[in-house]
$ cat input15.pdb   # PDB, C-alpha atoms, pLDDT in the B column
ATOM      1  CA  ILE M   1       4.041  17.980  14.078  1.00 94.00           C
ATOM      2  CA  VAL M   2       1.694  15.311  15.409  1.00 94.00           C
ATOM      3  CA  SER M   3       4.308  13.011  16.930  1.00 95.00           C
ATOM      4  CA  VAL M   4       8.038  12.584  17.534  1.00 96.00           C
ATOM      5  CA  SER M   5       9.697   9.331  18.631  1.00 95.00           C
ATOM      6  CA  ILE M   6      13.246   7.989  18.987  1.00 94.00           C
ATOM      7  CA  ASN M   7      14.373   4.503  17.963  1.00 91.00           C
ATOM      8  CA  GLN M   8      16.041   3.154  21.110  1.00 87.00           C
ATOM      9  CA  GLY M   9      18.190   0.778  19.038  1.00 85.00           C
ATOM     10  CA  ASN M  10      19.931   3.197  16.670  1.00 87.00           C
ATOM     11  CA  GLY M  11      18.830   6.689  17.724  1.00 91.00           C
ATOM     12  CA  ASN M  12      16.876   7.453  14.537  1.00 91.00           C
ATOM     13  CA  ILE M  13      14.201  10.080  15.035  1.00 95.00           C
ATOM     14  CA  LEU M  14      10.686   9.806  13.653  1.00 96.00           C
ATOM     15  CA  SER M  15       8.625  12.913  12.960  1.00 97.00           C
ATOM     16  CA  VAL M  16       5.000  12.714  11.881  1.00 97.00           C
ATOM     17  CA  SER M  17       2.917  15.619  10.594  1.00 96.00           C
ATOM     18  CA  CYS M  18      -0.534  15.809   9.082  1.00 93.00           C
ATOM     19  CA  CYS M  19       0.832  15.125   5.627  1.00 93.00           C
ATOM     20  CA  SER M  20       4.247  13.454   5.937  1.00 95.00           C
ATOM     21  CA  LEU M  21       6.307  10.873   7.747  1.00 95.00           C
ATOM     22  CA  LYS M  22      10.067  11.464   8.084  1.00 95.00           C
ATOM     23  CA  LEU M  23      12.866   9.392   9.569  1.00 93.00           C
ATOM     24  CA  TRP M  24      16.108  11.171  10.555  1.00 93.00           C
ATOM     25  CA  THR M  25      19.478   9.999  11.825  1.00 91.00           C
ATOM     26  CA  ILE M  26      20.518  11.070  15.299  1.00 91.00           C
ATOM     27  CA  ASN M  27      22.725  13.669  13.523  1.00 93.00           C
ATOM     28  CA  GLY M  28      19.785  15.219  11.676  1.00 93.00           C
ATOM     29  CA  LYS M  29      20.301  13.660   8.229  1.00 92.00           C
ATOM     30  CA  LEU M  30      17.072  12.667   6.493  1.00 92.00           C
ATOM     31  CA  VAL M  31      16.969   8.866   6.077  1.00 89.00           C
ATOM     32  CA  ALA M  32      13.616   8.566   4.300  1.00 91.00           C
ATOM     33  CA  GLU M  33      10.289  10.319   3.958  1.00 92.00           C
ATOM     34  CA  LYS M  34       6.792   9.567   2.733  1.00 94.00           C
ATOM     35  CA  GLU M  35       3.898  11.862   1.853  1.00 95.00           C
ATOM     36  CA  LEU M  36       0.715  10.685   3.533  1.00 94.00           C
ATOM     37  CA  LYS M  37      -1.841  12.245   1.185  1.00 91.00           C
ATOM     38  CA  ASP M  38      -3.351   8.823   0.357  1.00 91.00           C
ATOM     39  CA  PHE M  39      -3.822   7.866   4.023  1.00 93.00           C
ATOM     40  CA  SER M  40      -6.164   8.891   6.797  1.00 95.00           C
ATOM     41  CA  MET M  41      -4.607  11.675   8.878  1.00 96.00           C
ATOM     42  CA  PRO M  42      -2.039  10.330  11.357  1.00 97.00           C
ATOM     43  CA  THR M  43      -2.798  10.923  15.026  1.00 97.00           C
ATOM     44  CA  CYS M  44       0.313   9.406  16.642  1.00 97.00           C
ATOM     45  CA  GLY M  45       3.440   7.443  15.788  1.00 97.00           C
ATOM     46  CA  ILE M  46       6.316   5.512  17.294  1.00 95.00           C
ATOM     47  CA  ALA M  47       9.736   4.396  16.103  1.00 93.00           C
ATOM     48  CA  THR M  48      10.567   0.770  16.869  1.00 89.00           C
ATOM     49  CA  SER M  49      13.884  -0.942  17.501  1.00 83.00           C
ATOM     50  CA  CYS M  50      13.955  -2.191  13.913  1.00 64.00           C
ATOM     51  CA  GLU M  51      14.820  -5.868  14.010  1.00 60.00           C
ATOM     52  CA  ALA M  52      12.996  -6.483  17.265  1.00 48.00           C
ATOM     53  CA  TYR M  53       9.467  -5.677  16.060  1.00 54.00           C
ATOM     54  CA  GLN M  54       7.826  -7.752  13.329  1.00 58.00           C
ATOM     55  CA  ASP M  55      10.976  -8.448  11.306  1.00 65.00           C
ATOM     56  CA  GLY M  56      12.080  -4.938  10.477  1.00 74.00           C
ATOM     57  CA  VAL M  57       9.054  -2.687  10.938  1.00 82.00           C
ATOM     58  CA  GLN M  58      10.608   0.652  11.875  1.00 88.00           C
ATOM     59  CA  VAL M  59       7.581   2.929  12.188  1.00 93.00           C
ATOM     60  CA  ILE M  60       4.061   2.447  13.532  1.00 94.00           C
ATOM     61  CA  LEU M  61       1.394   5.086  12.871  1.00 97.00           C
ATOM     62  CA  GLY M  62      -2.086   5.470  14.346  1.00 97.00           C
ATOM     63  CA  HIS M  63      -4.680   7.154  12.160  1.00 97.00           C
ATOM     64  CA  GLU M  64      -7.859   9.175  12.505  1.00 96.00           C
ATOM     65  CA  ASN M  65      -9.919   6.372  10.912  1.00 96.00           C
ATOM     66  CA  GLY M  66      -8.883   3.837  13.582  1.00 95.00           C
ATOM     67  CA  GLN M  67      -6.278   2.035  11.491  1.00 95.00           C
ATOM     68  CA  VAL M  68      -2.669   1.354  12.447  1.00 95.00           C
ATOM     69  CA  THR M  69      -0.024   1.171   9.715  1.00 94.00           C
ATOM     70  CA  LEU M  70       3.337  -0.601   9.956  1.00 92.00           C
ATOM     71  CA  TRP M  71       6.229   0.807   7.884  1.00 93.00           C
ATOM     72  CA  ASP M  72       9.763  -0.206   6.988  1.00 89.00           C
ATOM     73  CA  VAL M  73      12.605   1.450   5.097  1.00 86.00           C
ATOM     74  CA  VAL M  74      13.540   0.064   1.697  1.00 83.00           C
ATOM     75  CA  TYR M  75      17.184   0.555   0.807  1.00 75.00           C
ATOM     76  CA  PRO M  76      18.433   0.851  -2.817  1.00 71.00           C
ATOM     77  CA  ALA M  77      19.631  -2.755  -2.938  1.00 65.00           C
ATOM     78  CA  ASP M  78      16.095  -3.846  -2.023  1.00 58.00           C
ATOM     79  CA  VAL M  79      14.294  -2.100  -4.865  1.00 55.00           C
ATOM     80  CA  CYS M  80      14.111  -3.038  -8.528  1.00 59.00           C
ATOM     81  CA  ASN M  81      14.087   0.498  -9.917  1.00 55.00           C
ATOM     82  CA  GLU M  82      17.125   2.687 -10.464  1.00 52.00           C
ATOM     83  CA  SER M  83      16.371   5.027  -7.557  1.00 52.00           C
ATOM     84  CA  LEU M  84      19.237   5.519  -5.141  1.00 56.00           C
ATOM     85  CA  ASP M  85      16.986   6.949  -2.448  1.00 74.00           C
ATOM     86  CA  ARG M  86      15.749   5.041   0.538  1.00 81.00           C
ATOM     87  CA  HIS M  87      12.035   5.220   1.015  1.00 84.00           C
ATOM     88  CA  LEU M  88       9.386   4.277   3.529  1.00 91.00           C
ATOM     89  CA  ARG M  89       7.074   1.455   2.505  1.00 90.00           C
ATOM     90  CA  ILE M  90       3.899   0.316   4.159  1.00 91.00           C
ATOM     91  CA  ARG M  91       4.188  -3.299   5.303  1.00 88.00           C
ATOM     92  CA  LYS M  92       0.788  -3.893   6.818  1.00 89.00           C
ATOM     93  CA  THR M  93      -2.395  -2.190   7.969  1.00 91.00           C
ATOM     94  CA  LEU M  94      -3.863  -3.351  11.266  1.00 91.00           C
ATOM     95  CA  THR M  95      -7.514  -2.844  12.092  1.00 87.00           C
ATOM     96  CA  THR M  96      -9.098  -2.937  15.504  1.00 84.00           C
ATOM     97  CA  GLY M  97     -12.614  -3.299  14.141  1.00 83.00           C
ATOM     98  CA  ARG M  98     -13.421   0.199  15.411  1.00 84.00           C
ATOM     99  CA  GLN M  99     -13.311   3.519  13.614  1.00 89.00           C
ATOM    100  CA  SER M 100     -12.381   5.745  16.528  1.00 95.00           C
ATOM    101  CA  PRO M 101      -9.186   7.811  16.099  1.00 97.00           C
ATOM    102  CA  ILE M 102      -6.080   6.167  17.540  1.00 97.00           C
ATOM    103  CA  SER M 103      -4.822   8.232  20.479  1.00 97.00           C
ATOM    104  CA  CYS M 104      -1.746   6.285  21.616  1.00 96.00           C
ATOM    105  CA  LEU M 105       0.598   3.443  20.703  1.00 96.00           C
ATOM    106  CA  LYS M 106       2.946   1.535  22.995  1.00 95.00           C
ATOM    107  CA  LEU M 107       5.251  -1.431  22.440  1.00 91.00           C
ATOM    108  CA  ASP M 108       6.158  -3.691  25.337  1.00 88.00           C
ATOM    109  CA  PRO M 109       9.809  -3.492  26.523  1.00 86.00           C
ATOM    110  CA  ARG M 110      10.832  -6.459  24.336  1.00 82.00           C
ATOM    111  CA  GLN M 111       9.100  -4.862  21.316  1.00 83.00           C
ATOM    112  CA  ARG M 112       6.983  -7.955  20.699  1.00 82.00           C
ATOM    113  CA  ARG M 113       3.459  -6.749  21.530  1.00 87.00           C
ATOM    114  CA  LEU M 114       1.630  -3.573  20.562  1.00 92.00           C
ATOM    115  CA  ALA M 115      -1.032  -1.798  22.635  1.00 94.00           C
ATOM    116  CA  VAL M 116      -3.261   0.645  20.754  1.00 95.00           C
ATOM    117  CA  GLY M 117      -5.557   3.128  22.518  1.00 96.00           C
ATOM    118  CA  ASP M 118      -8.393   4.984  20.855  1.00 96.00           C
ATOM    119  CA  ASN M 119     -10.485   8.071  21.647  1.00 95.00           C
ATOM    120  CA  GLN M 120     -13.378   5.910  22.882  1.00 94.00           C
ATOM    121  CA  GLY M 121     -11.277   4.379  25.683  1.00 94.00           C
ATOM    122  CA  THR M 122     -10.707   0.978  24.080  1.00 92.00           C
ATOM    123  CA  VAL M 123      -7.304  -0.691  24.194  1.00 92.00           C
ATOM    124  CA  SER M 124      -6.497  -3.149  21.418  1.00 90.00           C
ATOM    125  CA  TYR M 125      -3.579  -5.457  22.106  1.00 88.00           C
ATOM    126  CA  PHE M 126      -1.770  -7.064  19.197  1.00 88.00           C
ATOM    127  CA  VAL M 127       0.317 -10.064  20.257  1.00 81.00           C
ATOM    128  CA  SER M 128       1.405 -10.303  16.611  1.00 72.00           C
ATOM    129  CA  ALA M 129       0.493  -8.498  13.411  1.00 63.00           C
ATOM    130  CA  GLU M 130      -2.270 -11.077  12.958  1.00 64.00           C
ATOM    131  CA  GLN M 131      -3.663 -11.634  16.462  1.00 66.00           C
ATOM    132  CA  LEU M 132      -5.781  -9.003  18.223  1.00 60.00           C
ATOM    133  CA  LEU M 133      -7.215  -8.892  21.740  1.00 62.00           C
ATOM    134  CA  LEU M 134      -9.657  -6.135  22.802  1.00 58.00           C
ATOM    135  CA  PHE M 135      -9.924  -4.556  26.244  1.00 59.00           C
ATOM    136  CA  PRO M 136     -12.901  -2.171  26.490  1.00 55.00           C
TER     137      PRO M 136
END

$ encode --input "input15.pdb" --output "structure tokens"
Amino acid sequence: IVSVSINQGNGNILSVSCCSLKLWTINGKLVAEKELKDFSMPTCGIATSCEAYQDGVQVILGHENGQVTLWDVVYPADVCNESLDRHLRIRKTLTTGRQSPISCLKLDPRQRRLAVGDNQGTVSYFVSAEQLLLFP
């Protein structure tokens, strides 16, 4: 396990390993999972308070290649196929312009801004999913 985080809004628990991302209910029932074989290895992750961050992003992962991925959960009514399973879907990839592994992620108390730290000591501050400020 690389990271564990709790959604402060609903109690869901995020677990991140080298090869998978899993979201659990507070009672231990698996909500959704995603294999990460097509992504750079995750280095950290946080669960958000769903509706509060970027219109439903529920998971934020930092990766070894310096990228940050934003994920949401797609429910059966949201998908066109016949699958009844919920699944995690990538919503957006954020880049800091650096390729240093992400070492930490932190949302502000209102879950509106994201601070991203890397192994080189740089903090990137996203005031939205489109706007980035760097603090070396």

$ atom_distance --input "input15.pdb" --atom1 "CA of Lys29 (chain M)" --atom2 "CA of Gly11 (chain M)"
11.9 Å

$ atom_distance --input "input15.pdb" --atom1 "CA of Val68 (chain M)" --atom2 "CA of Ser15 (chain M)"
16.2 Å

$ residues_around --input "input15.pdb" --residues "Glu64 (chain M)" --least-positions-apart "6" --cutoff "9 Å" --atoms "only C-alpha atoms" --output "list in words"
Ser40, Met41, Pro42, Thr43, Gln99, Ser100, Pro101, Ile102 and Ser103 of chain M

$ closest_residue --input "input15.pdb" --among "M:Val116, M:Leu70, M:Cys104, M:Ile26" --to "Val2 (chain M)" --atoms "all atoms listed in the file"
M:Cys104

$ atom_distance --input "input15.pdb" --atom1 "CA of Leu114 (chain M)" --atom2 "CA of Val31 (chain M)"
24.5 Å

$ closest_residue --input "input15.pdb" --among "M:Gln8, M:Leu107, M:Ile13, M:Glu35" --to "Leu88 (chain M)" --atoms "only C-alpha atoms"
M:Glu35

$ resolve_selection --input "input15.pdb" --expression "the PyMOL selection byres ((chain M and resi 109) around 12)" --output "PyMOL selection string"
chain M and resi 8+48-49+52-53+106-108+110-115

$ residues_around --input "input15.pdb" --residues "Ile90 (chain M)" --least-positions-apart "3" --cutoff "9 Å" --atoms "all atoms listed in the file" --output "PDB file with C-alpha atoms, keeping the file's coordinate frame"
ATOM      1  CA  THR M  69      -0.024   1.171   9.715  1.00 94.00           C
ATOM      2  CA  LEU M  70       3.337  -0.601   9.956  1.00 92.00           C
ATOM      3  CA  TRP M  71       6.229   0.807   7.884  1.00 93.00           C
ATOM      4  CA  ASP M  72       9.763  -0.206   6.988  1.00 89.00           C
ATOM      5  CA  VAL M  73      12.605   1.450   5.097  1.00 86.00           C
ATOM      6  CA  THR M  93      -2.395  -2.190   7.969  1.00 91.00           C
TER       7      THR M  93
END

$ closest_residue --input "input15.pdb" --among "M:Gly66, M:Pro76, M:Arg89, M:Lys34" --to "Gln120 (chain M)" --atoms "all atoms listed in the file"
M:Gly66

$ residues_around --input "input15.pdb" --residues "Ser5 (chain M)" --least-positions-apart "4" --cutoff "12 Å" --atoms "all atoms listed in the file" --output "list in words"
Ile1, Gly11, Asn12, Ile13, Leu14, Ser15, Val16, Leu21, Lys22, Leu23, Trp24, Thr25, Ile26, Cys44, Gly45, Ile46, Ala47, Thr48, Ser49, Gln58, Val59, Ile60, Leu61, Leu105 and Lys106 of chain M

$ closest_residue --input "input15.pdb" --among "M:Val57, M:Asn65, M:Asp38, M:Gly117" --to "Arg91 (chain M)" --atoms "all atoms listed in the file"
M:Val57

$ closest_residue --input "input15.pdb" --among "M:Gly62, M:Lys92, M:Tyr75, M:Ser20" --to "Ser124 (chain M)" --atoms "all atoms listed in the file"
M:Gly62

$ closest_residue --input "input15.pdb" --among "M:His63, M:Ser3, M:Arg86, M:Ser17" --to "Asn119 (chain M)" --atoms "all atoms listed in the file"
M:His63
